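Chemist: Please find data03.pdb (PDB, C-alpha atoms) on the next line:
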ATOM      1  CA  MET D   7    -103.867 -44.284 160.155
ATOM      2  CA  THR D   8    -106.332 -44.483 157.252
ATOM      3  CA  LEU D   9    -107.068 -40.764 157.476
ATOM      4  CA  THR D  10    -103.367 -40.016 157.045
ATOM      5  CA  ASN D  11    -103.107 -42.434 154.084
ATOM      6  CA  SER D  12    -106.206 -40.946 152.472
ATOM      7  CA  PHE D  13    -104.836 -37.447 152.981
ATOM      8  CA  LEU D  14    -101.475 -38.409 151.485
ATOM      9  CA  ASN D  15    -103.187 -40.111 148.545
ATOM     10  CA  GLY D  16    -105.248 -36.971 147.961
ATOM     11  CA  LEU D  17    -102.139 -34.788 148.067
ATOM     12  CA  THR D  18    -100.382 -37.134 145.665
ATOM     13  CA  ILE D  19    -103.273 -36.976 143.193
ATOM     14  CA  MET D  20    -103.459 -33.188 143.455
ATOM     15  CA  GLY D  21     -99.701 -32.933 142.989
ATOM     16  CA  GLY D  22     -99.874 -35.207 139.939
ATOM     17  CA  ILE D  23    -102.625 -33.072 138.433
ATOM     18  CA  ALA D  24    -100.560 -29.932 139.052
ATOM     19  CA  VAL D  25     -97.503 -31.519 137.389
ATOM     20  CA  LEU D  26     -99.590 -32.578 134.373
ATOM     21  CA  GLY D  27    -101.069 -29.088 134.144
ATOM     22  CA  PHE D  28     -97.621 -27.507 134.239
ATOM     23  CA  ALA D  29     -96.338 -29.971 131.636
ATOM     24  CA  GLY D  30     -99.340 -29.174 129.435
ATOM     25  CA  MET D  31     -98.578 -25.467 129.651
ATOM     26  CA  GLN D  32     -94.947 -26.054 128.713
ATOM     27  CA  VAL D  33     -95.698 -28.454 125.868
ATOM     28  CA  GLY D  34     -98.489 -26.342 124.416
ATOM     29  CA  GLY D  35    -100.392 -27.327 121.327
ATOM     30  CA  GLN D  36    -104.050 -27.074 120.469
ATOM     31  CA  VAL D  37    -106.173 -29.788 118.862
ATOM     32  CA  TYR D  38    -108.390 -28.506 116.062
ATOM     33  CA  LEU D  39    -111.471 -30.391 114.930
ATOM     34  CA  SER D  40    -111.260 -31.822 111.414
ATOM     35  CA  VAL D  41    -113.681 -30.388 108.874
ATOM     36  CA  SER D  42    -115.192 -33.713 107.782
ATOM     37  CA  TRP D  43    -114.603 -35.518 111.063
ATOM     38  CA  GLU D  44    -117.933 -37.373 111.159
ATOM     39  CA  GLU D  45    -117.603 -39.059 107.762
ATOM     40  CA  ASP D  46    -113.918 -39.761 108.351
ATOM     41  CA  LEU D  47    -114.677 -41.216 111.778
ATOM     42  CA  TRP D  48    -117.259 -43.720 110.516
ATOM     43  CA  ALA D  49    -114.997 -44.793 107.659
ATOM     44  CA  ARG D  50    -112.095 -45.259 110.079
ATOM     45  CA  ILE D  51    -114.218 -47.221 112.575
ATOM     46  CA  GLN D  52    -115.312 -49.570 109.787
ATOM     47  CA  PHE D  53    -111.698 -50.058 108.700
ATOM     48  CA  MET D  54    -110.600 -50.638 112.294
ATOM     49  CA  LEU D  55    -113.436 -53.141 112.780
ATOM     50  CA  VAL D  56    -112.088 -55.210 109.876
ATOM     51  CA  ALA D  57    -108.565 -54.992 111.335
ATOM     52  CA  THR D  58    -109.957 -56.028 114.723
ATOM     53  CA  ALA D  59    -111.683 -59.078 113.250
ATOM     54  CA  LEU D  60    -108.411 -60.062 111.572
ATOM     55  CA  ILE D  61    -106.541 -59.658 114.858
ATOM     56  CA  GLU D  62    -109.133 -61.794 116.678
ATOM     57  CA  ARG D  63    -108.858 -64.544 114.076
ATOM     58  CA  THR D  64    -105.050 -64.412 114.115
ATOM     59  CA  VAL D  65    -104.979 -64.787 117.903
ATOM     60  CA  GLU D  66    -107.427 -67.701 117.687
ATOM     61  CA  VAL D  67    -105.226 -69.468 115.120
ATOM     62  CA  TYR D  68    -102.181 -68.799 117.314
ATOM     63  CA  LEU D  69    -103.905 -70.300 120.356
ATOM     64  CA  ASN D  70    -105.063 -73.344 118.386
ATOM     65  CA  ALA D  71    -101.539 -73.905 117.073
ATOM     66  CA  ALA D  72    -100.168 -73.687 120.608
ATOM     67  CA  SER D  73    -102.934 -75.958 122.011
ATOM     68  CA  MET D  74    -104.032 -73.200 124.371
ATOM     69  CA  ASN D  75    -107.600 -72.573 123.237
ATOM     70  CA  GLY D  76    -109.485 -74.247 126.080
ATOM     71  CA  ASP D  77    -111.316 -77.590 125.998
ATOM     72  CA  ASP D  78    -110.978 -79.671 122.868
ATOM     73  CA  ARG D  79    -114.420 -79.148 121.350
ATOM     74  CA  PHE D  80    -113.891 -81.776 118.631
ATOM     75  CA  ASN D  81    -113.120 -84.705 120.899
ATOM     76  CA  ARG D  82    -115.968 -85.059 123.408
ATOM     77  CA  ALA D  83    -114.735 -88.454 124.644
ATOM     78  CA  ASP D  84    -111.488 -86.903 125.715
ATOM     79  CA  THR D  85    -112.478 -83.706 127.561
ATOM     80  CA  GLN D  86    -108.925 -82.982 128.525
ATOM     81  CA  LYS D  87    -108.453 -79.414 129.688
ATOM     82  CA  LEU D  88    -105.847 -77.661 127.588
ATOM     83  CA  ARG D  89    -103.588 -74.926 128.910
ATOM     84  CA  ASP D  90    -105.228 -71.576 129.641
ATOM     85  CA  GLY D  91    -104.520 -69.154 126.819
ATOM     86  CA  THR D  92    -106.018 -65.987 128.281
ATOM     87  CA  ARG D  93    -102.758 -64.236 129.070
ATOM     88  CA  PRO D  94    -100.948 -65.156 125.825
ATOM     89  CA  ALA D  95    -104.059 -64.198 123.839
ATOM     90  CA  THR D  96    -104.239 -60.818 125.551
ATOM     91  CA  ILE D  97    -100.547 -60.135 124.966
ATOM     92  CA  ALA D  98    -100.758 -61.212 121.312
ATOM     93  CA  ALA D  99    -103.876 -59.076 120.715
ATOM     94  CA  ILE D 100    -102.298 -56.009 122.334
ATOM     95  CA  LEU D 101     -99.092 -56.382 120.341
ATOM     96  CA  LEU D 102    -100.960 -56.864 117.069
ATOM     97  CA  GLY D 103    -103.280 -53.936 117.838
ATOM     98  CA  LEU D 104    -100.344 -51.658 118.622
ATOM     99  CA  LEU D 105     -98.509 -52.721 115.453
ATOM    100  CA  VAL D 106    -101.575 -52.021 113.317
ATOM    101  CA  ALA D 107    -102.033 -48.632 115.011
ATOM    102  CA  LEU D 108     -98.328 -47.893 114.620
ATOM    103  CA  SER D 109     -98.634 -48.568 110.888
ATOM    104  CA  GLY D 110    -101.218 -45.792 110.622
ATOM    105  CA  VAL D 111    -104.661 -47.202 111.453
ATOM    106  CA  ARG D 112    -105.585 -44.662 114.130
ATOM    107  CA  LEU D 113    -108.811 -43.252 115.456
ATOM    108  CA  MET D 114    -108.043 -39.900 117.075
ATOM    109  CA  GLU D 115    -106.340 -38.409 114.031
ATOM    110  CA  THR D 116    -109.693 -38.556 112.236
ATOM    111  CA  LEU D 117    -111.274 -36.350 114.900
ATOM    112  CA  GLY D 118    -108.713 -33.590 114.897
ATOM    113  CA  ALA D 119    -105.111 -32.581 114.516
ATOM    114  CA  LEU D 120    -102.636 -30.426 116.359
ATOM    115  CA  GLY D 121    -102.118 -26.913 115.096
ATOM    116  CA  GLU D 122     -99.091 -26.033 113.019
ATOM    117  CA  ASP D 123     -97.555 -24.261 116.003
ATOM    118  CA  ALA D 124     -97.422 -27.493 118.039
ATOM    119  CA  GLY D 125     -93.941 -28.587 118.980
ATOM    120  CA  ALA D 126     -92.279 -31.961 118.652
ATOM    121  CA  ILE D 127     -93.207 -32.973 122.204
ATOM    122  CA  SER D 128     -96.888 -32.224 121.574
ATOM    123  CA  GLN D 129     -96.780 -34.291 118.381
ATOM    124  CA  LEU D 130     -95.046 -37.122 120.234
ATOM    125  CA  ILE D 131     -97.659 -37.139 123.000
ATOM    126  CA  TRP D 132    -100.611 -36.855 120.572
ATOM    127  CA  ASN D 133     -99.329 -39.673 118.345
ATOM    128  CA  GLY D 134     -98.420 -41.859 121.334
ATOM    129  CA  VAL D 135    -101.857 -41.484 122.906
ATOM    130  CA  ASP D 136    -103.526 -42.065 119.528
ATOM    131  CA  ILE D 137    -101.521 -45.270 118.994
ATOM    132  CA  ALA D 138    -102.227 -46.483 122.542
ATOM    133  CA  ILE D 139    -105.978 -45.819 122.307
ATOM    134  CA  SER D 140    -106.348 -47.196 118.777
ATOM    135  CA  GLY D 141    -104.232 -50.271 119.505
ATOM    136  CA  GLY D 142    -106.110 -50.924 122.730
ATOM    137  CA  LEU D 143    -109.472 -50.635 121.000
ATOM    138  CA  MET D 144    -108.427 -53.085 118.302
ATOM    139  CA  ALA D 145    -106.978 -55.472 120.889
ATOM    140  CA  GLY D 146    -110.273 -55.309 122.810
ATOM    141  CA  GLY D 147    -112.104 -57.139 120.059
ATOM    142  CA  SER D 148    -114.942 -56.474 117.668
ATOM    143  CA  ALA D 149    -117.599 -56.497 120.394
ATOM    144  CA  LEU D 150    -115.940 -53.394 121.829
ATOM    145  CA  PHE D 151    -116.213 -51.662 118.446
ATOM    146  CA  HIS D 152    -119.893 -52.511 118.171
ATOM    147  CA  GLU D 153    -120.485 -50.981 121.619
ATOM    148  CA  LEU D 154    -118.402 -47.930 120.684
ATOM    149  CA  ALA D 155    -120.316 -47.453 117.437
ATOM    150  CA  GLU D 156    -123.656 -47.623 119.240
ATOM    151  CA  ALA D 157    -122.522 -45.104 121.855
ATOM    152  CA  LEU D 158    -121.121 -42.756 119.227
ATOM    153  CA  ARG D 159    -124.073 -43.038 116.870
ATOM    154  CA  GLY D 160    -126.359 -41.101 119.200
ATOM    155  CA  GLY D 161    -123.749 -38.824 120.737
ATOM    156  CA  LEU D 162    -122.152 -37.689 117.500
ATOM    157  CA  LYS D 163    -125.444 -36.656 115.964
ATOM    158  CA  THR D 164    -126.012 -34.300 118.873
ATOM    159  CA  LEU D 165    -122.399 -33.132 118.897
ATOM    160  CA  GLY D 166    -122.388 -32.520 115.136
ATOM    161  CA  LYS D 167    -125.508 -30.386 115.373
ATOM    162  CA  ASN D 168    -124.051 -28.339 118.236
ATOM    163  CA  ILE D 169    -120.545 -27.838 116.835
ATOM    164  CA  GLY D 170    -121.118 -27.765 113.101
ATOM    165  CA  PRO D 171    -118.257 -27.294 110.654
ATOM    166  CA  GLY D 172    -115.484 -24.839 111.316
TER     167      GLY D 172
END
Once you've parsed the file, please lay out its structure as structure tokens.
Modeler:
Amino acid sequence: MTLTNSFLNGLTIMGGIAVLGFAGMQVGGQVYLSVSWEEDLWARIQFMLVATALIERTVEVYLNAASMNGDDRFNRADTQKLRDGTRPATIAAILLGLLVALSGVRLMETLGALGEDAGAISQLIWNGVDIAISGGLMAGGSALFHELAEALRGGLKTLGKNIGPG
């Protein structure tokens, strides 16, 4: 029974990949690397880090106002457990991150852009993915940006040397 399920799962994945490949051929579009992508990227990451810190603080204020920020740290005599705010905090952070990304604070557009021959569907997909990734990164918190910056710091130096401008 498990062999059949594994086989069907494999066929489903292969079929999904084939459908995505066909859709990619139909949609078309080529992403071209920006000329000054490295400088633009670091400036954008710094800007997004500030936006992320603001989102984190906003969610914290929201949770405090709704009495959902965990144990009351100011009243040790009364260690009453307040309502768990993990889910509302996650939802609020994701919504705020997506709204900030929707307003134009995006990461992938600093790396490259679609060619002029790209159609409306390609633009829609590129912008949608950029908003989803950027909003998700900002919703993930500033610690995520610090990890991303450390990972990129070493990798981009090597990539920049190998690719070079143009």
Chemist: Give me the result of the PyMOL selection byres ((chain D and resi 124-130) around 10) on this file, residue by residue, as a list in words.
Modeler: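 In the shown coordinates, the PyMOL selection byres ((chain D and resi 124-130) around 10) covers Gly30, Gln32, Val33, Gly34, Gly35, Gln36, Val37, Ala119, Leu120, Gly121, Glu122, Asp123, Ile131, Trp132, Asn133, Gly134, Val135 and Asp136 of chain D.
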Chemist: Keeping C-alpha atoms, export the residues of the selection given above as a tab-separated table (two decimals), in the frame of the given file.
Modeler:
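What follows is the written file selection15.tsv:
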chain	number	residue	atom	x	y	z
D	30	GLY	CA	-99.34	-29.17	129.44
D	32	GLN	CA	-94.95	-26.05	128.71
D	33	VAL	CA	-95.70	-28.45	125.87
D	34	GLY	CA	-98.49	-26.34	124.42
D	35	GLY	CA	-100.39	-27.33	121.33
D	36	GLN	CA	-104.05	-27.07	120.47
D	37	VAL	CA	-106.17	-29.79	118.86
D	119	ALA	CA	-105.11	-32.58	114.52
D	120	LEU	CA	-102.64	-30.43	116.36
D	121	GLY	CA	-102.12	-26.91	115.10
D	122	GLU	CA	-99.09	-26.03	113.02
D	123	ASP	CA	-97.56	-24.26	116.00
D	131	ILE	CA	-97.66	-37.14	123.00
D	132	TRP	CA	-100.61	-36.85	120.57
D	133	ASN	CA	-99.33	-39.67	118.34
D	134	GLY	CA	-98.42	-41.86	121.33
D	135	VAL	CA	-101.86	-41.48	122.91
D	136	ASP	CA	-103.53	-42.06	119.53
Chemist: Which residues, named as in the file, does the PyMOL selection byres ((chain D and resi 118) around 6) pick out? Answer as a list in words.
Modeler: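 Matching residues under the PyMOL selection byres ((chain D and resi 118) around 6) are Tyr38, Leu39, Ser40, Glu115, Thr116, Leu117 and Ala119 of chain D.
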Chemist: With the PyMOL selection byres ((chain D and resi 140-156) around 7) as the selection, what would be picked from this file? Answer as a list in words, please.
Modeler: Met54, Leu55, Thr58, Ala59, Glu62, Ala99, Ile100, Gly103, Leu104, Val106, Ala107, Arg112, Leu113, Asp136, Ile137, Ala138, Ile139, Ala157, Leu158 and Arg159 of chain D
Chemist: Mind writing the picked residues with C-alpha atoms as a PDB file, keeping the file's coordinate frame?
Modeler:
ATOM      1  CA  MET D  54    -110.600 -50.638 112.294  1.00  0.00           C
ATOM      2  CA  LEU D  55    -113.436 -53.141 112.780  1.00  0.00           C
ATOM      3  CA  THR D  58    -109.957 -56.028 114.723  1.00  0.00           C
ATOM      4  CA  ALA D  59    -111.683 -59.078 113.250  1.00  0.00           C
ATOM      5  CA  GLU D  62    -109.133 -61.794 116.678  1.00  0.00           C
ATOM      6  CA  ALA D  99    -103.876 -59.076 120.715  1.00  0.00           C
ATOM      7  CA  ILE D 100    -102.298 -56.009 122.334  1.00  0.00           C
ATOM      8  CA  GLY D 103    -103.280 -53.936 117.838  1.00  0.00           C
ATOM      9  CA  LEU D 104    -100.344 -51.658 118.622  1.00  0.00           C
ATOM     10  CA  VAL D 106    -101.575 -52.021 113.317  1.00  0.00           C
ATOM     11  CA  ALA D 107    -102.033 -48.632 115.011  1.00  0.00           C
ATOM     12  CA  ARG D 112    -105.585 -44.662 114.130  1.00  0.00           C
ATOM     13  CA  LEU D 113    -108.811 -43.252 115.456  1.00  0.00           C
ATOM     14  CA  ASP D 136    -103.526 -42.065 119.528  1.00  0.00           C
ATOM     15  CA  ILE D 137    -101.521 -45.270 118.994  1.00  0.00           C
ATOM     16  CA  ALA D 138    -102.227 -46.483 122.542  1.00  0.00           C
ATOM     17  CA  ILE D 139    -105.978 -45.819 122.307  1.00  0.00           C
ATOM     18  CA  ALA D 157    -122.522 -45.104 121.855  1.00  0.00           C
ATOM     19  CA  LEU D 158    -121.121 -42.756 119.227  1.00  0.00           C
ATOM     20  CA  ARG D 159    -124.073 -43.038 116.870  1.00  0.00           C
TER      21      ARG D 159
END
Chemist: Would you please work out which residue, of D:Ala71, D:Val111, D:Val65, D:Leu101, is nearest to Gln52 of chain D when using all atoms listed in the file?
Modeler: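 Using all atoms listed in the file, Gln52 of chain D sits closest to D:Val111.
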Chemist: Which of these, D:Thr18, D:Ala95, D:Ile23, D:Arg50, has the shortest distance to Ser73 of chain D once you count all atoms listed in the file?
Modeler: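 That would be D:Ala95, the residue with the smallest distance to Ser73 of chain D.
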Chemist: What is the distance, in Å and to one decimal place, between atom CA of Ser42 of chain D and atom CA of Gly110 of chain D?
Modeler: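 It comes out at 18.7 Å.
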Chemist: For the atom pair atom CA of Ile61 of chain D and atom CA of Leu102 of chain D, what is the interatomic distance in Å to one decimal place?
Modeler: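 Straight-line distance from atom CA of Ile61 of chain D to atom CA of Leu102 of chain D works out to 6.6 Å.
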Chemist: Please report the interatomic distance between atom CA of Val25 of chain D and atom CA of Ser12 of chain D in Å with one decimal.
Modeler: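 Value for the atom CA of Val25 of chain D-atom CA of Ser12 of chain D distance: 19.8 Å.
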Chemist: Show me, as lines of an AutoDock Vina configuration file, the centre and edge lengths in Å to one decimal of the axis-aligned box that covers every listed atom of segment 127-146 of chain D with 3 Å on each side.
Modeler:
center_x = -101.7
center_y = -43.8
center_z = 120.7
size_x = 23.1
size_y = 29.2
size_z = 10.7
Chemist: Step by step: locate segment 23-133 of chain D in the block above, keep C-alpha atoms, then write the file as an mmCIF file, in the first residue's frame.
Modeler:
data_model
loop_
_atom_site.group_PDB
_atom_site.id
_atom_site.type_symbol
_atom_site.label_atom_id
_atom_site.label_comp_id
_atom_site.auth_asym_id
_atom_site.auth_seq_id
_atom_site.Cartn_x
_atom_site.Cartn_y
_atom_site.Cartn_z
ATOM 1 C CA ILE D 23 6.742 20.058 -12.301
ATOM 2 C CA ALA D 24 5.721 19.400 -15.910
ATOM 3 C CA VAL D 25 2.706 21.729 -15.565
ATOM 4 C CA LEU D 26 4.890 24.468 -14.050
ATOM 5 C CA GLY D 27 7.430 24.013 -16.836
ATOM 6 C CA PHE D 28 4.728 24.290 -19.487
ATOM 7 C CA ALA D 29 3.259 27.356 -17.773
ATOM 8 C CA GLY D 30 6.729 28.916 -17.638
ATOM 9 C CA MET D 31 7.176 28.367 -21.362
ATOM 10 C CA GLN D 32 3.810 29.956 -22.104
ATOM 11 C CA VAL D 33 4.291 32.916 -19.774
ATOM 12 C CA GLY D 34 7.842 33.613 -20.898
ATOM 13 C CA GLY D 35 9.895 36.446 -19.521
ATOM 14 C CA GLN D 36 13.532 36.651 -18.568
ATOM 15 C CA VAL D 37 14.940 38.212 -15.399
ATOM 16 C CA TYR D 38 17.956 40.427 -16.023
ATOM 17 C CA LEU D 39 20.425 41.263 -13.278
ATOM 18 C CA SER D 40 20.461 44.916 -12.227
ATOM 19 C CA VAL D 41 23.664 46.824 -12.908
ATOM 20 C CA SER D 42 24.206 48.059 -9.343
ATOM 21 C CA TRP D 43 22.434 45.171 -7.644
ATOM 22 C CA GLU D 44 24.900 44.760 -4.766
ATOM 23 C CA GLU D 45 24.720 48.349 -3.507
ATOM 24 C CA ASP D 46 20.966 48.467 -4.065
ATOM 25 C CA LEU D 47 20.524 45.171 -2.227
ATOM 26 C CA TRP D 48 22.357 46.293 0.921
ATOM 27 C CA ALA D 49 20.479 49.594 0.981
ATOM 28 C CA ARG D 50 17.165 47.762 0.582
ATOM 29 C CA ILE D 51 18.007 45.216 3.300
ATOM 30 C CA GLN D 52 18.812 48.057 5.703
ATOM 31 C CA PHE D 53 15.522 49.776 4.864
ATOM 32 C CA MET D 54 13.611 46.513 5.260
ATOM 33 C CA LEU D 55 15.334 45.882 8.603
ATOM 34 C CA VAL D 56 13.991 49.204 9.904
ATOM 35 C CA ALA D 57 10.512 48.329 8.593
ATOM 36 C CA THR D 58 10.800 44.914 10.251
ATOM 37 C CA ALA D 59 11.704 46.453 13.607
ATOM 38 C CA LEU D 60 8.689 48.756 13.313
ATOM 39 C CA ILE D 61 6.440 45.798 12.504
ATOM 40 C CA GLU D 62 7.793 43.858 15.503
ATOM 41 C CA ARG D 63 7.164 46.792 17.828
ATOM 42 C CA THR D 64 3.674 47.364 16.412
ATOM 43 C CA VAL D 65 2.741 43.716 16.976
ATOM 44 C CA GLU D 66 4.110 43.888 20.530
ATOM 45 C CA VAL D 67 2.008 46.983 21.278
ATOM 46 C CA TYR D 68 -1.027 45.254 19.752
ATOM 47 C CA LEU D 69 -0.514 42.181 21.938
ATOM 48 C CA ASN D 70 -0.036 44.298 25.064
ATOM 49 C CA ALA D 71 -3.220 46.232 24.311
ATOM 50 C CA ALA D 72 -5.116 42.973 23.861
ATOM 51 C CA SER D 73 -3.563 41.428 27.020
ATOM 52 C CA MET D 74 -2.122 38.594 24.953
ATOM 53 C CA ASN D 75 1.607 39.038 25.507
ATOM 54 C CA GLY D 76 2.252 36.155 27.896
ATOM 55 C CA ASP D 77 2.887 36.351 31.650
ATOM 56 C CA ASP D 78 2.519 39.728 33.292
ATOM 57 C CA ARG D 79 6.174 40.582 33.877
ATOM 58 C CA PHE D 80 5.372 43.657 35.993
ATOM 59 C CA ASN D 81 3.268 41.931 38.621
ATOM 60 C CA ARG D 82 5.296 39.051 40.079
ATOM 61 C CA ALA D 83 2.817 38.469 42.923
ATOM 62 C CA ASP D 84 0.099 37.762 40.430
ATOM 63 C CA THR D 85 1.683 35.393 37.881
ATOM 64 C CA GLN D 86 -1.563 34.945 36.055
ATOM 65 C CA LYS D 87 -1.079 33.440 32.619
ATOM 66 C CA LEU D 88 -2.513 35.704 29.957
ATOM 67 C CA ARG D 89 -3.984 34.441 26.705
ATOM 68 C CA ASP D 90 -1.529 33.038 24.165
ATOM 69 C CA GLY D 91 -0.848 35.614 21.475
ATOM 70 C CA THR D 92 1.272 33.541 19.104
ATOM 71 C CA ARG D 93 -1.338 33.087 16.401
ATOM 72 C CA PRO D 94 -2.670 36.674 16.447
ATOM 73 C CA ALA D 95 0.910 37.986 16.481
ATOM 74 C CA THR D 96 1.829 35.860 13.478
ATOM 75 C CA ILE D 97 -1.255 36.954 11.545
ATOM 76 C CA ALA D 98 -0.687 40.630 12.400
ATOM 77 C CA ALA D 99 3.007 40.434 11.418
ATOM 78 C CA ILE D 100 2.216 38.727 8.105
ATOM 79 C CA LEU D 101 -0.481 41.251 7.240
ATOM 80 C CA LEU D 102 1.738 44.204 8.123
ATOM 81 C CA GLY D 103 4.678 42.705 6.212
ATOM 82 C CA LEU D 104 2.540 42.137 3.125
ATOM 83 C CA LEU D 105 1.122 45.672 3.301
ATOM 84 C CA VAL D 106 4.607 47.170 3.553
ATOM 85 C CA ALA D 107 5.790 45.014 0.635
ATOM 86 C CA LEU D 108 2.674 45.914 -1.343
ATOM 87 C CA SER D 109 3.475 49.600 -0.839
ATOM 88 C CA GLY D 110 6.815 49.089 -2.582
ATOM 89 C CA VAL D 111 9.385 47.884 -0.036
ATOM 90 C CA ARG D 112 10.532 44.796 -1.938
ATOM 91 C CA LEU D 113 13.713 42.791 -2.082
ATOM 92 C CA MET D 114 13.763 40.915 -5.387
ATOM 93 C CA GLU D 115 13.266 43.988 -7.556
ATOM 94 C CA THR D 116 16.677 45.211 -6.389
ATOM 95 C CA LEU D 117 18.327 42.069 -7.755
ATOM 96 C CA GLY D 118 16.846 42.148 -11.216
ATOM 97 C CA ALA D 119 13.912 42.988 -13.411
ATOM 98 C CA LEU D 120 11.952 41.324 -16.160
ATOM 99 C CA GLY D 121 12.854 42.206 -19.712
ATOM 100 C CA GLU D 122 10.743 44.626 -21.696
ATOM 101 C CA ASP D 123 9.305 41.738 -23.695
ATOM 102 C CA ALA D 124 7.738 40.172 -20.579
ATOM 103 C CA GLY D 125 3.978 39.961 -20.678
ATOM 104 C CA ALA D 126 1.416 40.976 -18.098
ATOM 105 C CA ILE D 127 1.250 37.474 -16.610
ATOM 106 C CA SER D 128 5.024 37.392 -16.101
ATOM 107 C CA GLN D 129 4.886 40.791 -14.398
ATOM 108 C CA LEU D 130 2.003 39.618 -12.215
ATOM 109 C CA ILE D 131 3.872 36.483 -11.137
ATOM 110 C CA TRP D 132 7.175 38.338 -10.553
ATOM 111 C CA ASN D 133 5.518 41.079 -8.482
#
